[in-house]
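What's in coords.cif: mmCIF, C-alpha atoms
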data_protein
#
loop_
_atom_site.label_atom_id
_atom_site.label_comp_id
_atom_site.auth_asym_id
_atom_site.auth_seq_id
_atom_site.Cartn_x
_atom_site.Cartn_y
_atom_site.Cartn_z
CA SER P 1 -17.02 4.48 17.23
CA TRP P 2 -19.42 4.41 14.26
CA PHE P 3 -20.98 7.67 15.43
CA PHE P 4 -18.15 9.53 17.21
CA TRP P 5 -14.94 7.99 15.73
CA PRO P 6 -12.82 5.55 17.75
CA SER P 7 -10.47 7.80 19.74
CA PRO P 8 -13.17 9.91 21.44
CA ALA P 9 -15.36 6.82 21.82
CA VAL P 10 -12.57 5.01 23.65
CA ALA P 11 -12.02 8.01 25.92
CA LEU P 12 -15.73 8.29 26.69
CA LEU P 13 -16.42 4.60 27.29
CA GLY P 14 -13.08 3.31 28.52
CA ALA P 15 -12.98 5.29 31.73
CA VAL P 16 -16.47 4.04 32.64
CA LEU P 17 -16.22 0.43 31.48
CA LEU P 18 -12.61 -0.37 32.46
CA PRO P 19 -13.36 -0.89 36.18
CA VAL P 20 -16.46 -2.92 35.29
CA ALA P 21 -14.50 -5.16 32.91
CA ILE P 22 -11.69 -5.72 35.42
CA ARG P 23 -14.21 -6.59 38.12
CA ALA P 24 -15.79 -9.08 35.70
CA GLY P 25 -12.39 -10.75 35.23
CA LEU P 26 -11.07 -9.19 32.01
CA PRO P 27 -7.44 -7.96 32.28
CA ALA P 28 -6.68 -4.33 31.45
CA LEU P 29 -4.76 -5.39 28.34
CA GLY P 30 -7.80 -7.39 27.25
CA VAL P 31 -9.99 -4.31 27.70
CA ALA P 32 -7.61 -2.30 25.52
CA MET P 33 -7.63 -5.05 22.87
CA ALA P 34 -11.43 -5.20 22.86
CA MET P 35 -11.89 -1.44 22.49
CA ASN P 36 -9.12 -1.30 19.91
CA LEU P 37 -10.27 -4.19 17.70
CA PHE P 38 -13.93 -3.22 17.78
CA GLY P 39 -13.41 0.55 17.57
CA HIS P 40 -10.33 1.23 15.44
CA GLY P 41 -10.75 -2.07 13.59
CA ILE P 42 -14.32 -3.14 12.90
CA ALA P 43 -16.06 0.24 13.20
CA LEU P 44 -13.44 2.39 11.46
CA SER P 45 -12.73 -0.02 8.59
CA GLY P 46 -16.40 -0.10 7.64
CA ASP P 47 -17.25 3.48 8.62
CA PHE P 48 -20.89 2.90 7.70
CA ILE P 49 -22.30 5.98 9.48
CA ILE P 50 -19.89 8.88 8.89
CA GLN P 51 -18.70 7.31 5.58
CA GLY P 52 -15.40 9.18 5.45
CA ALA P 53 -13.35 6.14 4.44
CA PRO P 54 -15.70 4.71 1.78
CA LYS P 55 -16.13 8.20 0.29
CA LEU P 56 -12.36 8.54 -0.25
CA THR P 57 -11.89 5.07 -1.69
CA ALA P 58 -15.02 5.26 -3.86
CA ASP P 59 -13.93 8.58 -5.39
CA ALA P 60 -10.47 7.18 -6.12
CA ALA P 61 -11.96 4.04 -7.67
CA GLY P 62 -14.57 5.98 -9.65
CA ILE P 63 -17.55 4.07 -8.26
CA PRO P 64 -20.52 5.04 -6.03
CA VAL P 65 -20.03 5.12 -2.27
CA ALA P 66 -22.96 2.74 -1.81
CA ASP P 67 -21.15 0.08 -3.85
CA VAL P 68 -18.09 0.22 -1.59
CA ILE P 69 -20.22 0.07 1.57
CA SER P 70 -22.21 -2.91 0.24
CA ALA P 71 -19.06 -4.74 -0.80
CA SER P 72 -17.35 -4.04 2.53
CA ILE P 73 -20.11 -5.50 4.72
CA PRO P 74 -19.19 -9.21 4.30
CA LEU P 75 -15.48 -8.40 4.49
CA VAL P 76 -15.86 -6.34 7.68
CA ILE P 77 -17.93 -9.14 9.24
CA VAL P 78 -15.39 -11.85 8.34
CA MET P 79 -12.43 -9.73 9.47
CA GLY P 80 -14.15 -8.76 12.71
CA VAL P 81 -15.31 -12.25 13.63
CA VAL P 82 -11.98 -13.94 12.86
CA THR P 83 -9.83 -11.28 14.54
CA THR P 84 -11.84 -10.97 17.74
CA ILE P 85 -12.28 -14.73 18.17
CA VAL P 86 -8.55 -15.39 17.65
CA ALA P 87 -7.66 -12.55 20.02
CA PHE P 88 -10.07 -13.96 22.62
CA ILE P 89 -8.58 -17.45 22.33
CA PHE P 90 -5.04 -16.13 22.76
CA LEU P 91 -6.15 -13.97 25.70
CA ARG P 92 -7.85 -16.89 27.48
CA ARG P 93 -4.77 -19.04 26.92
CA ASP P 94 -2.47 -16.49 28.55
CA MET P 95 -4.93 -15.88 31.39
CA LYS P 96 -4.90 -19.59 32.23
CA ARG P 97 -1.11 -19.54 32.20
CA GLY P 98 -1.11 -16.62 34.62
CA ASN P 99 0.68 -14.28 32.22
CA MET P 100 -1.88 -11.46 32.38
CA GLU P 101 -2.01 -8.67 34.96
CA MET P 102 -5.51 -7.59 35.87
CA VAL P 103 -4.69 -3.88 36.09
CA GLY P 104 -2.52 -1.77 33.83
CA THR P 105 0.92 -1.00 35.21
CA PHE P 106 2.54 0.89 32.34
CA GLY P 107 4.62 3.87 33.36
CA GLU P 108 3.89 5.53 36.67
CA LYS P 109 1.17 3.65 38.47
CA VAL P 110 -1.21 5.97 40.28
CA VAL P 111 -3.72 4.52 42.72
CA GLU P 112 -6.43 6.89 43.87
CA ASP P 113 -8.91 6.32 46.66
CA VAL P 114 -12.43 6.80 45.35
CA ASN P 115 -14.87 8.38 47.76
CA GLU P 116 -18.07 6.46 47.11
CA LYS P 117 -20.04 8.71 49.49
CA LEU P 118 -19.95 11.74 47.17
CA LEU P 119 -23.25 10.70 45.57
CA THR P 120 -26.21 8.93 47.12
CA ILE P 121 -27.59 5.73 45.63
CA GLY P 122 -30.50 7.65 44.13
CA GLN P 123 -28.17 10.24 42.56
CA ARG P 124 -26.00 7.50 41.07
CA LYS P 125 -29.02 5.85 39.48
CA PHE P 126 -30.21 9.21 38.16
CA PHE P 127 -26.88 9.99 36.47
CA ALA P 128 -26.51 6.40 35.23
CA LEU P 129 -29.75 7.00 33.31
CA LEU P 130 -29.13 10.65 32.39
CA ILE P 131 -25.71 10.17 30.77
CA PRO P 132 -26.67 7.58 28.09
CA VAL P 133 -29.97 9.38 27.44
CA ALA P 134 -28.13 12.69 26.92
CA PHE P 135 -25.77 11.19 24.36
CA ILE P 136 -28.62 9.38 22.60
CA VAL P 137 -30.37 12.76 22.30
CA ASP P 138 -27.12 14.12 20.79
CA VAL P 139 -27.17 11.38 18.15
CA VAL P 140 -30.79 12.14 17.32
CA ALA P 141 -30.07 15.87 17.13
CA MET P 142 -27.11 15.34 14.81
CA SER P 143 -29.33 13.28 12.52
CA VAL P 144 -32.33 15.65 12.58
CA PHE P 145 -30.38 18.90 12.20
CA ASP P 146 -27.68 17.41 9.95
CA LEU P 147 -24.84 18.39 12.28
CA THR P 148 -21.37 17.33 11.14
CA GLY P 149 -17.74 18.18 11.81
CA GLY P 150 -17.14 20.95 14.33
CA ASP P 151 -20.86 21.45 15.04
CA ALA P 152 -21.29 17.80 16.02
CA THR P 153 -18.12 17.91 18.11
CA ALA P 154 -19.33 21.06 19.88
CA LEU P 155 -22.66 19.39 20.69
CA VAL P 156 -21.05 16.29 22.20
CA GLY P 157 -18.42 18.34 24.03
CA GLY P 158 -21.01 20.75 25.41
CA THR P 159 -23.14 17.85 26.64
CA THR P 160 -20.12 16.33 28.36
CA VAL P 161 -19.20 19.60 30.11
CA PHE P 162 -22.82 20.11 31.18
CA ILE P 163 -22.93 16.60 32.72
CA LEU P 164 -19.59 17.26 34.42
CA LEU P 165 -20.97 20.48 35.96
CA LEU P 166 -24.08 18.69 37.23
CA LEU P 167 -22.03 15.86 38.73
CA ALA P 168 -19.62 18.27 40.41
CA VAL P 169 -22.43 20.35 41.90
CA PHE P 170 -24.29 17.30 43.21
CA ALA P 171 -21.12 15.68 44.57
CA HIS P 172 -19.29 18.69 46.01
CA LYS P 173 -22.17 21.08 46.71
CA ASN P 174 -20.77 24.62 47.18
CA ASP P 175 -17.33 23.60 45.92
CA GLY P 176 -18.78 22.21 42.69
CA LEU P 177 -17.56 24.95 40.35
CA GLU P 178 -14.06 24.90 41.84
CA LYS P 179 -13.90 21.11 41.51
CA THR P 180 -15.07 21.40 37.90
CA THR P 181 -12.05 23.56 37.16
CA SER P 182 -9.78 20.97 38.79
CA TYR P 183 -11.33 18.17 36.76
CA LEU P 184 -10.88 20.12 33.53
CA ILE P 185 -7.22 20.79 34.35
CA GLU P 186 -6.65 17.10 35.10
CA GLY P 187 -8.33 16.20 31.81
CA PHE P 188 -6.12 18.52 29.77
CA GLN P 189 -3.02 17.24 31.56
CA PHE P 190 -4.06 13.68 30.80
CA GLY P 191 -4.62 14.57 27.14
CA PHE P 192 -1.15 16.15 26.76
CA LYS P 193 0.46 13.23 28.60
CA VAL P 194 -1.28 10.66 26.42
CA PHE P 195 -0.80 12.27 23.01
CA GLY P 196 2.59 13.88 23.60
CA PRO P 197 4.46 10.77 22.33
CA VAL P 198 2.49 10.97 19.07
CA ILE P 199 4.58 13.91 17.84
CA PRO P 200 8.03 12.26 17.61
CA ILE P 201 6.69 8.79 16.78
CA ALA P 202 4.36 10.00 14.04
CA ALA P 203 7.17 12.02 12.48
CA PHE P 204 9.03 8.83 11.57
CA PHE P 205 5.93 7.32 9.95
CA TYR P 206 5.18 10.45 7.95
CA LEU P 207 8.69 10.33 6.48
CA GLY P 208 7.32 7.55 4.29
CA ASP P 209 4.58 9.83 2.98
CA SER P 210 4.50 13.53 2.08
CA GLY P 211 6.62 14.40 5.10
CA PHE P 212 9.76 13.26 3.28
CA THR P 213 9.83 16.25 0.93
CA LYS P 214 8.82 18.71 3.64
CA ILE P 215 11.52 17.59 6.08
CA ILE P 216 14.39 16.32 3.91
CA GLY P 217 13.77 18.18 0.66
CA GLU P 218 12.77 17.67 -2.97
CA TYR P 219 14.90 14.61 -3.61
CA LEU P 220 12.16 12.21 -4.76
CA PRO P 221 11.00 12.08 -8.41
CA SER P 222 8.31 14.58 -9.34
CA ALA P 223 5.69 11.84 -9.78
CA SER P 224 6.48 10.26 -6.40
CA GLN P 225 3.68 9.95 -3.83
CA GLY P 226 6.07 9.21 -0.96
CA ILE P 227 8.31 6.23 -0.31
CA VAL P 228 5.59 4.04 1.23
CA ASN P 229 3.00 4.79 -1.45
CA ASP P 230 5.61 4.28 -4.17
CA LEU P 231 6.26 0.79 -2.79
CA GLY P 232 2.56 0.07 -3.08
CA LEU P 233 2.45 1.30 -6.68
CA ALA P 234 5.57 -0.71 -7.56
CA LEU P 235 4.00 -3.84 -6.09
CA ALA P 236 0.82 -3.31 -8.10
CA ALA P 237 2.78 -2.82 -11.32
CA VAL P 238 4.70 -6.12 -11.28
CA VAL P 239 2.01 -8.66 -10.41
CA PRO P 240 0.00 -10.69 -12.99
CA LEU P 241 -3.68 -9.86 -13.44
CA THR P 242 -5.90 -12.55 -11.90
CA ALA P 243 -8.66 -12.26 -9.33
CA GLU P 244 -6.60 -14.08 -6.69
CA ILE P 245 -3.50 -11.99 -7.24
CA ALA P 246 -5.63 -8.84 -7.30
CA ALA P 247 -7.04 -9.65 -3.85
CA VAL P 248 -3.61 -10.38 -2.38
CA THR P 249 -2.18 -7.22 -3.97
CA LEU P 250 -4.92 -4.95 -2.62
CA THR P 251 -4.44 -6.37 0.86
CA GLY P 252 -0.68 -5.87 0.54
CA VAL P 253 -0.99 -2.34 -0.83
CA GLY P 254 -3.50 -1.41 1.87
CA ALA P 255 -1.28 -2.81 4.61
CA ILE P 256 1.86 -1.13 3.26
CA THR P 257 0.24 2.27 2.94
CA GLY P 258 -1.19 1.86 6.42
CA LEU P 259 2.30 1.60 7.90
CA ASP P 260 2.59 5.39 7.99
CA GLY P 261 0.22 5.28 10.96
CA SER P 262 -2.71 6.96 9.25
CA GLY P 263 -5.11 4.46 7.75
CA PHE P 264 -6.77 7.16 5.65
CA SER P 265 -3.65 8.37 3.87
CA GLY P 266 -3.32 5.30 1.66
CA ILE P 267 -6.91 4.35 0.94
CA THR P 268 -7.13 6.62 -2.11
CA LEU P 269 -4.17 4.75 -3.60
CA ALA P 270 -5.91 1.48 -2.78
CA GLY P 271 -9.03 2.73 -4.56
CA SER P 272 -7.06 3.72 -7.68
CA ILE P 273 -5.32 0.33 -7.84
CA ALA P 274 -8.64 -1.46 -7.26
CA ASN P 275 -10.06 0.38 -10.26
CA LEU P 276 -7.12 -0.74 -12.40
CA PHE P 277 -7.41 -4.38 -11.34
CA GLY P 278 -11.21 -4.40 -11.53
CA THR P 279 -11.06 -3.05 -15.09
CA ALA P 280 -8.38 -5.57 -16.06
CA ILE P 281 -10.18 -8.65 -14.73
CA GLY P 282 -13.60 -7.29 -15.74
CA GLU P 283 -15.31 -7.40 -12.31
CA GLY P 284 -14.97 -6.89 -8.60
CA THR P 285 -13.88 -3.25 -8.42
CA ALA P 286 -16.07 -2.55 -5.38
CA THR P 287 -14.88 -5.66 -3.53
CA LEU P 288 -11.23 -4.88 -4.24
CA THR P 289 -11.74 -1.28 -3.15
CA ALA P 290 -13.35 -2.39 0.10
CA LEU P 291 -10.56 -4.91 0.69
CA GLY P 292 -7.83 -2.31 0.24
CA GLN P 293 -9.69 0.10 2.52
CA LEU P 294 -10.10 -2.58 5.19
CA ALA P 295 -6.42 -3.60 5.12
CA ALA P 296 -5.16 0.01 5.25
CA ILE P 297 -7.36 0.98 8.18
CA TRP P 298 -6.84 -2.17 10.24
CA VAL P 299 -3.08 -1.75 9.95
CA GLY P 300 -2.72 2.04 10.06
CA GLY P 301 -5.99 3.17 11.59
CA GLY P 302 -5.24 1.91 15.03
CA THR P 303 -4.60 -1.81 15.63
CA LEU P 304 -0.96 -2.41 14.62
CA VAL P 305 0.87 0.94 14.44
CA PRO P 306 1.76 1.83 18.05
CA TRP P 307 1.05 5.56 18.05
CA ALA P 308 -2.46 4.95 16.75
CA LEU P 309 -3.09 2.67 19.75
CA ILE P 310 -2.32 5.35 22.32
CA PRO P 311 -5.94 6.30 23.25
CA ALA P 312 -6.93 2.73 24.19
CA ALA P 313 -3.55 1.99 25.79
CA ALA P 314 -3.60 5.18 27.86
CA ILE P 315 -7.10 4.63 29.22
CA CYS P 316 -6.14 1.11 30.34
CA ASN P 317 -2.62 2.12 31.47
CA VAL P 318 -0.92 -0.51 29.29
CA SER P 319 1.99 -0.19 26.88
CA PRO P 320 0.92 0.70 23.33
CA PHE P 321 3.77 -1.47 22.04
CA GLU P 322 2.55 -4.45 24.07
CA LEU P 323 -0.98 -3.82 22.77
CA ALA P 324 0.32 -3.76 19.19
CA ARG P 325 2.21 -7.00 19.82
CA ARG P 326 -0.93 -8.68 21.18
CA ASN P 327 -2.96 -7.47 18.19
CA PHE P 328 -0.44 -8.60 15.58
CA LEU P 329 -1.29 -12.30 15.15
CA PRO P 330 -5.10 -11.88 15.33
CA VAL P 331 -5.04 -9.04 12.79
CA VAL P 332 -2.68 -10.85 10.40
CA ILE P 333 -4.76 -14.04 10.60
CA GLY P 334 -7.89 -11.98 10.01
CA LEU P 335 -6.38 -10.28 6.94
CA VAL P 336 -5.36 -13.65 5.47
CA VAL P 337 -8.83 -15.16 5.97
CA THR P 338 -10.60 -12.03 4.68
CA THR P 339 -8.40 -11.97 1.57
CA ILE P 340 -9.28 -15.60 0.84
CA VAL P 341 -13.00 -14.83 1.29
CA ALA P 342 -12.64 -11.86 -1.07
CA MET P 343 -11.17 -14.18 -3.72
CA PHE P 344 -14.36 -16.27 -3.63
CA ILE P 345 -16.57 -13.15 -3.71
CA LEU P 346 -14.71 -11.93 -6.81
#

Can the structure in the file be given as structure tokens, please?
Amino acid sequence: SWFFWPSPAVALLGAVLLPVAIRAGLPALGVAMAMNLFGHGIALSGDFIIQGAPKLTADAAGIPVADVISASIPLVIVMGVVTTIVAFIFLRRDMKRGNMEMVGTFGEKVVEDVNEKLLTIGQRKFFALLIPVAFIVDVVAMSVFDLTGGDATALVGGTTVFILLLLAVFAHKNDGLEKTTSYLIEGFQFGFKVFGPVIPIAAFFYLGDSGFTKIIGEYLPSASQGIVNDLGLALAAVVPLTAEIAAVTLTGVGAITGLDGSGFSGITLAGSIANLFGTAIGEGTATLTALGQLAAIWVGGGTLVPWALIPAAAICNVSPFELARRNFLPVVIGLVVTTIVAMFIL
């Protein structure tokens, strides 16, 4: 997730690791929680490699990106450790009670017989080595040739298609190219099926942001940044200026702006408010900026808002709403503990 962003990382790894995790005794919902908390939570909230999130918040706060990244490291560690440990404890508790199904059963359950004779043992070992090596080479190439955006996506996508072609040819011999076409069609169908619900669900979240004026009309004041962002600004304007209140406010503002389902839409507001509070109390702008960024992305970037959970939920065939419900207490507890730690850092 640090290198490829969480959604494609979940799609790449989930399909391979889900059967392994279930065989090891981890329920499908637990697999979705693990990929979700580590990918959309820990990796995306820090964003140490691509640095999209810290760049936005740093620019809004008027401080260097390196300061935000440095300040976010202890917060990301605390949030990640607390959240994942609490989630693990709750998961183990429910597993002992027998409340967890090992396989995902959300929606239409499709059971396919896997023909394990398509590849020989030697071929399986070869591809098990080739696939990670190929993607490691991609990472090195992106670093050496400074590939970003569409170029990096094209490199990873091309590598994936090339591996798919090799696998199909080895497995199906003369029918390899035809089977490749079938696999591509199945993949596109899966993508439309998984992300189709995003369109109507996301529309409701975006009503709280810029979508309000585009859909309903110019009824908000000219200075409005959207209903959700206005709530965050109003909250920041009425609280007293102390380090403790500043930390709580940034967490609250980050969480509120994250409710639109896009963790990145509100982090610039969090950076602006962090700058105001940091100037007022005379210190801690970078820490407050990192705290607001962390809260916004953990809530809106993919651990609590259901439509942002769809990639992990779809791979594991579990309900995104059930996944959000399971994430709720661990994430809230993590935010509370991280906010308290930030108060001491300030």

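Distance check against P:Ile89 using all atoms listed in the file: of P:Gly176, P:Pro132, P:Gly263, P:Gly30, the minimum falls on P:Gly30.
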
Coordinates-based distance that separates atom CA of P:Leu75 from atom CA of P:Thr338 (Å, one decimal): 6.1 Å

Atom CA of P:Gly271 and atom CA of P:Gln293, how far apart in Å? 7.6 Å

Would you kindly identify which residues have an atom no farther than 12 Å from (-27.9, 13.1, 14.9), using all atoms listed in the file and the file's own coordinates, and write them out as a PyMOL selection string? chain P and resi 3-4+49-50+135-149+151-153+155-156

Which polymer residues have any atom within 10 Å of an atom of stretch 117-126 of chain P, counting all atoms listed in the file, with same-chain residues fewer than 5 positions away left out, as a ChimeraX atom specification? /P:131,167-168,170-173

Hey, what comes out of the PyMOL selection byres ((chain P and resi 294) around 8) on this file? Could you write it as a ChimeraX atom specification? /P:45-46,72,75-76,254,290-293,295-298

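Atom pair atom CA of P:Ile273 / atom CA of P:Val82 has a distance of 26.0 Å (rounded to one decimal).
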
Please identify all polymer residues within 12 Å of P:Asp59, counting only C-alpha atoms, omitting same-chain residues fewer than 4 positions from it, and present them as a PyMOL selection string. chain P and resi 52-55+63-68+267-272+274-275+286+289

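For P:Ile85, the set of protein, DNA and RNA residues having any atom at most 12 Å away, when counting all atoms listed in the file and skipping those fewer than 3 positions along the same chain, is Met33, Ala34, Leu37, Phe38, Ile77, Val78, Met79, Gly80, Val81, Val82, Phe88, Ile89, Phe90, Leu91, Arg92, Asn327, Leu329, Pro330, Val331, Ile333 and Gly334 of chain P.
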
Got a sec to resolve the PyMOL selection byres ((chain P and resi 280) around 12) on this structure and send the residues as a list in words? Pro240, Leu241, Thr242, Ala243, Ile245, Ala246, Ile273, Ala274, Asn275, Leu276, Phe277, Gly278, Thr279, Ile281, Gly282, Glu283, Gly284 and Thr285 of chain P

The PyMOL selection byres ((chain P and resi 161) around 12) on the file shown: which residues, as a VMD selection string? chain P and resid 131 134 154 to 160 162 to 168 177 180 to 181 183 to 184 187
